[in-house]
Amino acid sequence: MNHSFRKTVLATAIVSAFGYSNTVLAQEQAVDEEAMEVIEVTSFRSSLIKAKDFKREAIISRDSILAEDIADFPDLNLADSLQRVPGISITREGGEGRQISLRGLGPDFTRVQVNGMEAMGTSASAMDAKGGASRTRSFDFNVFASELFNRIDVNKTYSADQEEGGIGGTVGLYTAKPFDYDGAKSAISLKGGYNDNSEETDPRFAGLISNTWGNFGALASVAYSERSTTEYGTNTTRWRREGGKTAADPTDTELQAELDSGELWFPRGHRYSLWNNQQKRLGITTALQFKPSKELSFSFDLMHSELENEYDEHHSAVKDNDIVKDLEWIENDGHKEVLYASYEDATWRNENTRRRNESEFNQYTLTMDWSLTPDLSMSAMVGTSSSDFEQPQVLKSNIHAKNKVDIMTDFRGDRFYGISTSPNFDVTSMEGFEVKDIYMQENYITNDFDIAKVDFSYFIGDTGELTFGANYKKFENTGYQLTRSNAQNEAPQNAGELTLTDDLVNIFNQHPDQNWIQADLNNLLAYYGLQGTRLDDSDLSENDKSPVTEETSAVYAQYGFESSVAGRPLRISTGLRYFETEITSAGVSGGVDIETARTYSDVLPTLNMVYELNPDLLWRFAATKNVTRPSLGSLSYNASVSQTSGEAITSVSMGNPNLDPFESTNLDTAIEWYFEDVGYASAAIFHKDIDNFIVGTTTEVVYSTLGLPEELLPADKNMDSIFYLERPENVDSSTIKGAELAFSRDLDFLPAPFNNLGVIANYTYADGESLYRNIYGIEGNDQVKPFSGLSKNSYNFTLYYEVENWGARVSAAYRSRYGSGATSSADQDESGYHGTTYVDFSSFYQLTDNVKLSLEGINLTNVREESYSDSHDRAYNTITSGRTVMLGITAQF
């Protein structure tokens with residue numbers, strides 16, 4: 001028993017450190033004649049068996065997802081697969097998963113590793129409601145093609161041998177390696193997809209080739225896809241208690257009194273919107289493995305990914321709606337919400353935008369696994385990665401029919417899908433329209449990681465194992481934005497007031513609810529001589545270019561052993577991790593270079609236990625401490641000093657490189673019951689006490705205490721002057737708690753043919769709140785609201801049917817309403833999303849031993865995604881992305 005445990009521990013440790021890719025090597029090296037059972041993953045059911053075994057053997061709380069076959073991950077997107085894991089909810093971009101929340105904590109709180117190395121994946125959304133381009137620690141899973149990976153681990157509890165970070169958890173992504181397979185293997189997959197919104201057919205290709213020659217192996221894989229998406233609907237750009245509106249009829253004193261009351265909430269600018277995206281994604285992996293002896297092995301991994309999005313977006317919005325003929329409002333929890341209004345001399349503002357986003361990821365890692373003695377082994381890794389986001393083109397034109405139009409906006413039929421009409425005005429006619437502005441923008445974000453780490457494992461006695469190690473990590477992030485508003489005023493061919501002609505406009509007719517006239521962007525840019533124009537440093541906001549560098553050194557020690565309590569096995573692992581991080585944050589303000597540096601450190605204790613109540617019933621317990629570092633935007637040194645003179649106190653707005661990381665003390669416990677073959681049931685409870693929450697604050701400070709240069713001061717201020725300092729600070733603590741239920745098994749107890757059915761189901765409850773300041777911009781109006789990204793309830797349900805040569809499954813993923821952040825805006829106290837249920841379908845038919853056909857359906861119910869503005873639940877953005885059907889063929893050789 002103890003002898004077997006000792007070997008299993010070593011094998012599990014190696015697998016955990018290097019991923020499933022090294023399973024074969026670990027088994028040969030550590031287990032020898034008592035090799036662990038190897039289950040060849042060739043179907044959905046067998047992938048569940050393997051994932052269950054990984055979960056059961058882990059000392060921490062872990063869920064795994066494995067590829068069904070070579071180059072055949074269970075879903076078309078990694079985030080879509082992750083949403084099946086208990087505790088995980090996802091956000092979507094164009095109907096495709098993008099970011100995850102884990103156990104109620106948003107994307108910033110989950111750390112992601114690729115082949116054992118921490119990584120960053122950065123993309124952007126064309127929608128401001130979805131965050132645009134931002135400097136966060138969130139990982140965008142849509143950067144990668146899912147076919148490149150054969151395993152995902154979700155580590156929900158922390159152990160000292162893991163790098164610190166990720167209070168929510170750590171997600172490990174692993175690509176295939178040559179020793180995963182027995183000898184020569186190759187596969188090719190071809191798929192075609194059709195989306196009923198875009199009405200386009202898109203190709204998807206993946207290929208893999210691998211071979212081993214004695215003690216050397218090589219593998220290469222490639223995945224390429226094109227994807228056309230169309231999202232459309234309506235939005236409001238928030239609501240506002242607008243003053244200054246007047247009644248069209250001066251004698252209508254009752255209407256005027258309502259307008260003057262300041263109690264009516266109007267949509268800021270109801271508009272019809274549509275986004276088209278032409279996406280191209282390329283992924284390449286290369287893996288080389290070399291085993292010069294039974295005790296020593298090396299692995300080199302290369303990964304390259306490119307994601308390119310070409311967006312065109314179109315909006316027709318109601319603006320300048322200040323003269324009111326008639327209105328209707330409802331009482332909404334103390335607010336008077338205008339559902340219908342008729343405006344006189346308003347404006348149709350029609351926007352046409354084109355933008356290109358480019359994300360590129362590169363990673364190189366070299367790992368070594370060396371058994372120095374039968375009791376002592378060592379592993380080491382060096383690696384470098386980069387994740388660069390470029391948005392070299394945002395071009396926007398607005399034309400409007402200024403103060404010439406009667407418009408009616410109506411939300412009475414559907415509070416989240418308003419309708420705006422102009423009975424006496426042709427929105428498709430050029431008459432009455434003029435150019436309002438041309439806007440140009442560029443965004444750039446870079447992330448670079450360099451790491452080196454070494455780990456040792458030493459067996460003590462029959463059941464004890466001491467692991468210890470050290471690592472170094474350097475992370476550099478830079479982001480900046482270039483903008484030029486009203487570019488036509490400085491254009492090379494500025495001809496003053498422009499009269500629109502037929503060649504400068506076109507009719508946009510893709511939106512199902514309304515057609516409208518818009519600028520022909522290419523011809524309009526050509527008219528002004530702006531085609532091909534790139535922005536320069538004169539368009540750079542001095543507050544934007546603010547690089548952040550983090551250098552972290554860490555050491556850890558962890559001891560694990562097996563004991564016996566009441567005659568049943570008890571596994572315990574306890575450890576300490578010490579880290580020290582130096583942050584350097586630089587920037588430019590008022591033309592002056594500024595820079596600051598600081599160092600912080602911490603000790604993180606961990607305890608993980610697994611008690612075998614009986615051979616198939618396990619009890620887990622974990623007590624740990626972990627951290628999550630602040631967002632990069634909050635750490636950046638983006639100081640801005642107001643130049644207000646006179647007796648008024650001047651303000652300074654800046655980031656805060658002195659922010660401490662979030663700290664969390666975590667308690668987790670679970671009961672897991674394992675069935676034969678496929679199947680287990682589990683119940684888990686988690687509790688996290690989180691300190692150092694970050695909120696925006698305003699305080700009075702003496703200028704000299706800020707470390708800013710004297711050159712930035714207004715003319716009548718000095719180093720001893722009092723300033724209002726607006727910056728993020730660590731001021732709060734909070735708690736998040738919840739529970740998870742999961743069930744998975746074959747229904748083989750049913751009579752034939754239903755005995756080939758199986759079910760996977762899980763439910764998660766999470767609850768956590770934090771204090772937000774100055775709600776509605778009112779000082780002292782502080783409110784407690786749920787964490788950003790937290791859905792209190794979420795569940796996943798999959799029903800599958802599988803026999804020898806064919807199988808099918810249908811899955812539903814639900815997450816309840818969640819917030820995307822609280823604000824101090826006068827327009828809203830918070831924003832977020834309504835709950836959604838996405839239903840997907842997947843099936844295969846094994847045509848021959850080597851050829852498989854597949855049919856998949858994504859978002860079968862064409863979910864309407866609704867984002868809300870304010871806790872009074874007013875419409876912000878409502879869109880649909882359409883259903884997608886994929887037909888494919890995969891061949892293995």
# chains A, B, ... in the order shown; residues from 1 in each chain; ligands from 1

$ select_by_dssp --residues "region 494-633 of chain A" --states "strand (DSSP E)" --output "VMD selection string"
chain A and resid 505 to 508 516 to 519 548 to 565 568 to 589 592 to 614 617 to 628

$ residues_around --residues "Ala812 (chain A)" --least-positions-apart "5" --cutoff "6 Å" --atoms "only C-alpha atoms" --output "PyMOL selection string"
chain A and resi 796-797+838-839

$ write_last_selection --atoms "N, CA and C atoms" --output "tab-separated table (two decimals), in the first residue's frame"
chain	number	residue	atom	x	y	z
A	796	ASN	N	-24.96	23.86	-15.42
A	796	ASN	CA	-24.69	23.25	-16.72
A	796	ASN	C	-25.32	21.86	-16.72
A	797	PHE	N	-25.87	21.49	-17.85
A	797	PHE	CA	-26.49	20.18	-17.97
A	797	PHE	C	-26.18	19.61	-19.34
A	838	TYR	N	-27.56	29.15	-22.79
A	838	TYR	CA	-27.08	28.77	-24.12
A	838	TYR	C	-27.20	27.25	-24.28
A	839	VAL	N	-27.72	26.83	-25.43
A	839	VAL	CA	-27.90	25.41	-25.72
A	839	VAL	C	-27.05	25.05	-26.95

$ atom_distance --atom1 "CA of Ser653 (chain A)" --atom2 "CA of Gly821 (chain A)"
20.3 Å

$ select_by_dssp --residues "region 71-189 of chain A" --states "helix (DSSP H, G or I)" --output "compact mmCIF listing (two decimals) with C-alpha atoms, in the first residue's frame"
# COMPACT_ATOMS: atom_id res chain seq x y z
CA LEU A 78 -11.79 26.82 -24.85
CA ALA A 79 -14.09 29.11 -22.87
CA ASP A 80 -17.13 27.21 -24.16
CA SER A 81 -15.59 24.01 -22.75
CA LEU A 82 -14.70 25.68 -19.46
CA PRO A 107 -11.71 37.36 -15.05
CA ASP A 108 -9.03 39.45 -13.30
CA PHE A 109 -8.95 36.92 -10.43
CA ASP A 128 -17.94 49.72 -25.34
CA ALA A 129 -20.44 47.77 -23.24
CA LYS A 130 -18.05 44.80 -23.34
CA PHE A 141 -9.55 32.55 -24.38
CA ASN A 142 -10.73 33.36 -27.91
CA VAL A 143 -7.10 34.14 -28.81
CA SER A 146 -9.19 24.90 -29.21
CA GLU A 147 -7.77 22.19 -31.50
CA LEU A 148 -4.25 23.02 -30.29
CA PRO A 178 4.94 13.38 -29.10
CA PHE A 179 5.17 10.90 -26.20
CA ASP A 180 1.42 11.30 -25.65

$ closest_residue --among "A:Phe508, A:Phe456, A:Phe361, A:Tyr680" --to "Asn471 (chain A)" --atoms "only C-alpha atoms"
A:Phe456

$ closest_atom_pairs --of "region 257-352 of chain A" --to "region 113-119 of chain A" --cutoff "10 Å" --atoms "only C-alpha atoms" --output "Markdown table"
| residue | atom | partner | partner_atom | distance |
| --- | --- | --- | --- | --- |
| A:Asp301 | CA | A:Asn115 | CA | 8.0 |
| A:Leu302 | CA | A:Asn115 | CA | 9.7 |
| A:Met303 | CA | A:Val114 | CA | 9.1 |

$ write_last_selection --atoms "N, CA and C atoms" --output "PDB file, in the first residue's frame"
ATOM      1  N   ASP A 301       8.895  23.394 -26.145  1.00  0.00           N
ATOM      2  CA  ASP A 301       7.567  23.696 -26.678  1.00  0.00           C
ATOM      3  C   ASP A 301       7.539  25.106 -27.243  1.00  0.00           C
ATOM      4  N   LEU A 302       6.966  25.202 -28.398  1.00  0.00           N
ATOM      5  CA  LEU A 302       6.763  26.491 -29.061  1.00  0.00           C
ATOM      6  C   LEU A 302       5.279  26.637 -29.355  1.00  0.00           C
ATOM      7  N   MET A 303       4.760  27.816 -29.110  1.00  0.00           N
ATOM      8  CA  MET A 303       3.372  28.075 -29.433  1.00  0.00           C
ATOM      9  C   MET A 303       3.241  29.461 -30.039  1.00  0.00           C
TER      10      MET A 303
END

$ residues_around --residues "region 329-334 of chain A" --least-positions-apart "3" --cutoff "10 Å" --atoms "only C-alpha atoms" --output "number ranges by chain"
A: 263-266, 337-341, 411-412, 871-874

$ residues_around --residues "Lys245 (chain A)" --least-positions-apart "4" --cutoff "10 Å" --atoms "only C-alpha atoms" --output "number ranges by chain"
A: 256, 258-260, 262, 320-324

$ closest_residue --among "A:Thr606, A:Thr373, A:Thr409, A:Asn506" --to "Thr236 (chain A)" --atoms "only C-alpha atoms"
A:Thr409

$ closest_atom_pairs --of "region 223-260 of chain A" --to "region 189-210 of chain A" --cutoff "9 Å" --atoms "only C-alpha atoms" --output "JSON lines"
{"residue": "A:Ala223", "atom": "CA", "partner": "A:Ala206", "partner_atom": "CA", "distance": 4.2}
{"residue": "A:Tyr224", "atom": "CA", "partner": "A:Phe205", "partner_atom": "CA", "distance": 5.2}
{"residue": "A:Ser225", "atom": "CA", "partner": "A:Arg204", "partner_atom": "CA", "distance": 4.2}
{"residue": "A:Glu226", "atom": "CA", "partner": "A:Asp202", "partner_atom": "CA", "distance": 5.5}
{"residue": "A:Arg227", "atom": "CA", "partner": "A:Asp202", "partner_atom": "CA", "distance": 5.5}
{"residue": "A:Ser228", "atom": "CA", "partner": "A:Glu200", "partner_atom": "CA", "distance": 6.2}
{"residue": "A:Thr229", "atom": "CA", "partner": "A:Ser198", "partner_atom": "CA", "distance": 5.3}
{"residue": "A:Thr230", "atom": "CA", "partner": "A:Ser198", "partner_atom": "CA", "distance": 4.9}
{"residue": "A:Glu231", "atom": "CA", "partner": "A:Asn197", "partner_atom": "CA", "distance": 7.2}
{"residue": "A:Tyr232", "atom": "CA", "partner": "A:Asn197", "partner_atom": "CA", "distance": 8.6}

$ write_last_selection --atoms "N, CA and C atoms" --output "PDB file, in the first residue's frame"
ATOM      1  N   ALA A 223      -3.695  25.003 -36.626  1.00  0.00           N
ATOM      2  CA  ALA A 223      -5.147  25.199 -36.681  1.00  0.00           C
ATOM      3  C   ALA A 223      -5.415  26.563 -37.309  1.00  0.00           C
ATOM      4  N   TYR A 224      -6.327  26.579 -38.260  1.00  0.00           N
ATOM      5  CA  TYR A 224      -6.680  27.838 -38.927  1.00  0.00           C
ATOM      6  C   TYR A 224      -8.197  27.879 -39.087  1.00  0.00           C
ATOM      7  N   SER A 225      -8.763  29.035 -38.843  1.00  0.00           N
ATOM      8  CA  SER A 225     -10.205  29.171 -39.017  1.00  0.00           C
ATOM      9  C   SER A 225     -10.545  30.589 -39.455  1.00  0.00           C
ATOM     10  N   GLU A 226     -11.633  30.677 -40.167  1.00  0.00           N
ATOM     11  CA  GLU A 226     -12.240  31.959 -40.497  1.00  0.00           C
ATOM     12  C   GLU A 226     -13.659  31.934 -39.939  1.00  0.00           C
ATOM     13  N   ARG A 227     -14.107  33.088 -39.482  1.00  0.00           N
ATOM     14  CA  ARG A 227     -15.418  33.138 -38.842  1.00  0.00           C
ATOM     15  C   ARG A 227     -16.074  34.474 -39.142  1.00  0.00           C
ATOM     16  N   SER A 228     -17.285  34.419 -39.670  1.00  0.00           N
ATOM     17  CA  SER A 228     -18.052  35.627 -39.971  1.00  0.00           C
ATOM     18  C   SER A 228     -19.202  35.717 -38.981  1.00  0.00           C
ATOM     19  N   THR A 229     -19.293  36.829 -38.267  1.00  0.00           N
ATOM     20  CA  THR A 229     -20.373  37.003 -37.304  1.00  0.00           C
ATOM     21  C   THR A 229     -21.092  38.322 -37.559  1.00  0.00           C
ATOM     22  N   THR A 230     -22.348  38.334 -37.216  1.00  0.00           N
ATOM     23  CA  THR A 230     -23.161  39.548 -37.253  1.00  0.00           C
ATOM     24  C   THR A 230     -23.984  39.603 -35.978  1.00  0.00           C
ATOM     25  N   GLU A 231     -23.821  40.679 -35.243  1.00  0.00           N
ATOM     26  CA  GLU A 231     -24.627  40.925 -34.055  1.00  0.00           C
ATOM     27  C   GLU A 231     -25.439  42.188 -34.275  1.00  0.00           C
ATOM     28  N   TYR A 232     -26.714  42.133 -33.950  1.00  0.00           N
ATOM     29  CA  TYR A 232     -27.527  43.328 -34.151  1.00  0.00           C
ATOM     30  C   TYR A 232     -28.583  43.446 -33.072  1.00  0.00           C
TER      31      TYR A 232
END

$ residues_around --residues "Asn357 (chain A)" --least-positions-apart "5" --cutoff "12 Å" --atoms "only C-alpha atoms" --output "MDAnalysis selection string"
chainID A and resid 122:126 132:133 143 277:281 306:312 388:394 441:445

$ residues_around --residues "Tyr845 (chain A)" --least-positions-apart "6" --cutoff "9 Å" --atoms "only C-alpha atoms" --output "count of residues only"
9

$ closest_atom_pairs --of "region 465-486 of chain A" --to "region 156-175 of chain A" --cutoff "8 Å" --atoms "only C-alpha atoms" --output "CSV"
residue,atom,partner,partner_atom,distance
A:Thr467,CA,A:Asp161,CA,7.7
A:Phe468,CA,A:Asp161,CA,7.4
A:Gly469,CA,A:Asp161,CA,7.8

$ residues_around --residues "Gln518 (chain A)" --least-positions-apart "2" --cutoff "8 Å" --atoms "only C-alpha atoms" --output "MDAnalysis selection string"
chainID A and resid 350:352 398:399 505:508 516 520

$ closest_residue --among "A:Leu504, A:Leu219, A:Ile284, A:Leu750" --to "Ser305 (chain A)" --atoms "only C-alpha atoms"
A:Ile284

$ closest_residue --among "A:Ile100, A:Ala681, A:Leu570, A:Leu790" --to "Glu769 (chain A)" --atoms "only C-alpha atoms"
A:Leu790

$ atom_distance --atom1 "CA of Arg354 (chain A)" --atom2 "CA of Gln531 (chain A)"
12.5 Å

$ atom_distance --atom1 "CA of Glu663 (chain A)" --atom2 "CA of Arg111 (chain A)"
14.5 Å

$ closest_residue --among "A:Ile649, A:Ala317, A:Val154, A:Leu635" --to "Ile517 (chain A)" --atoms "only C-alpha atoms"
A:Ala317
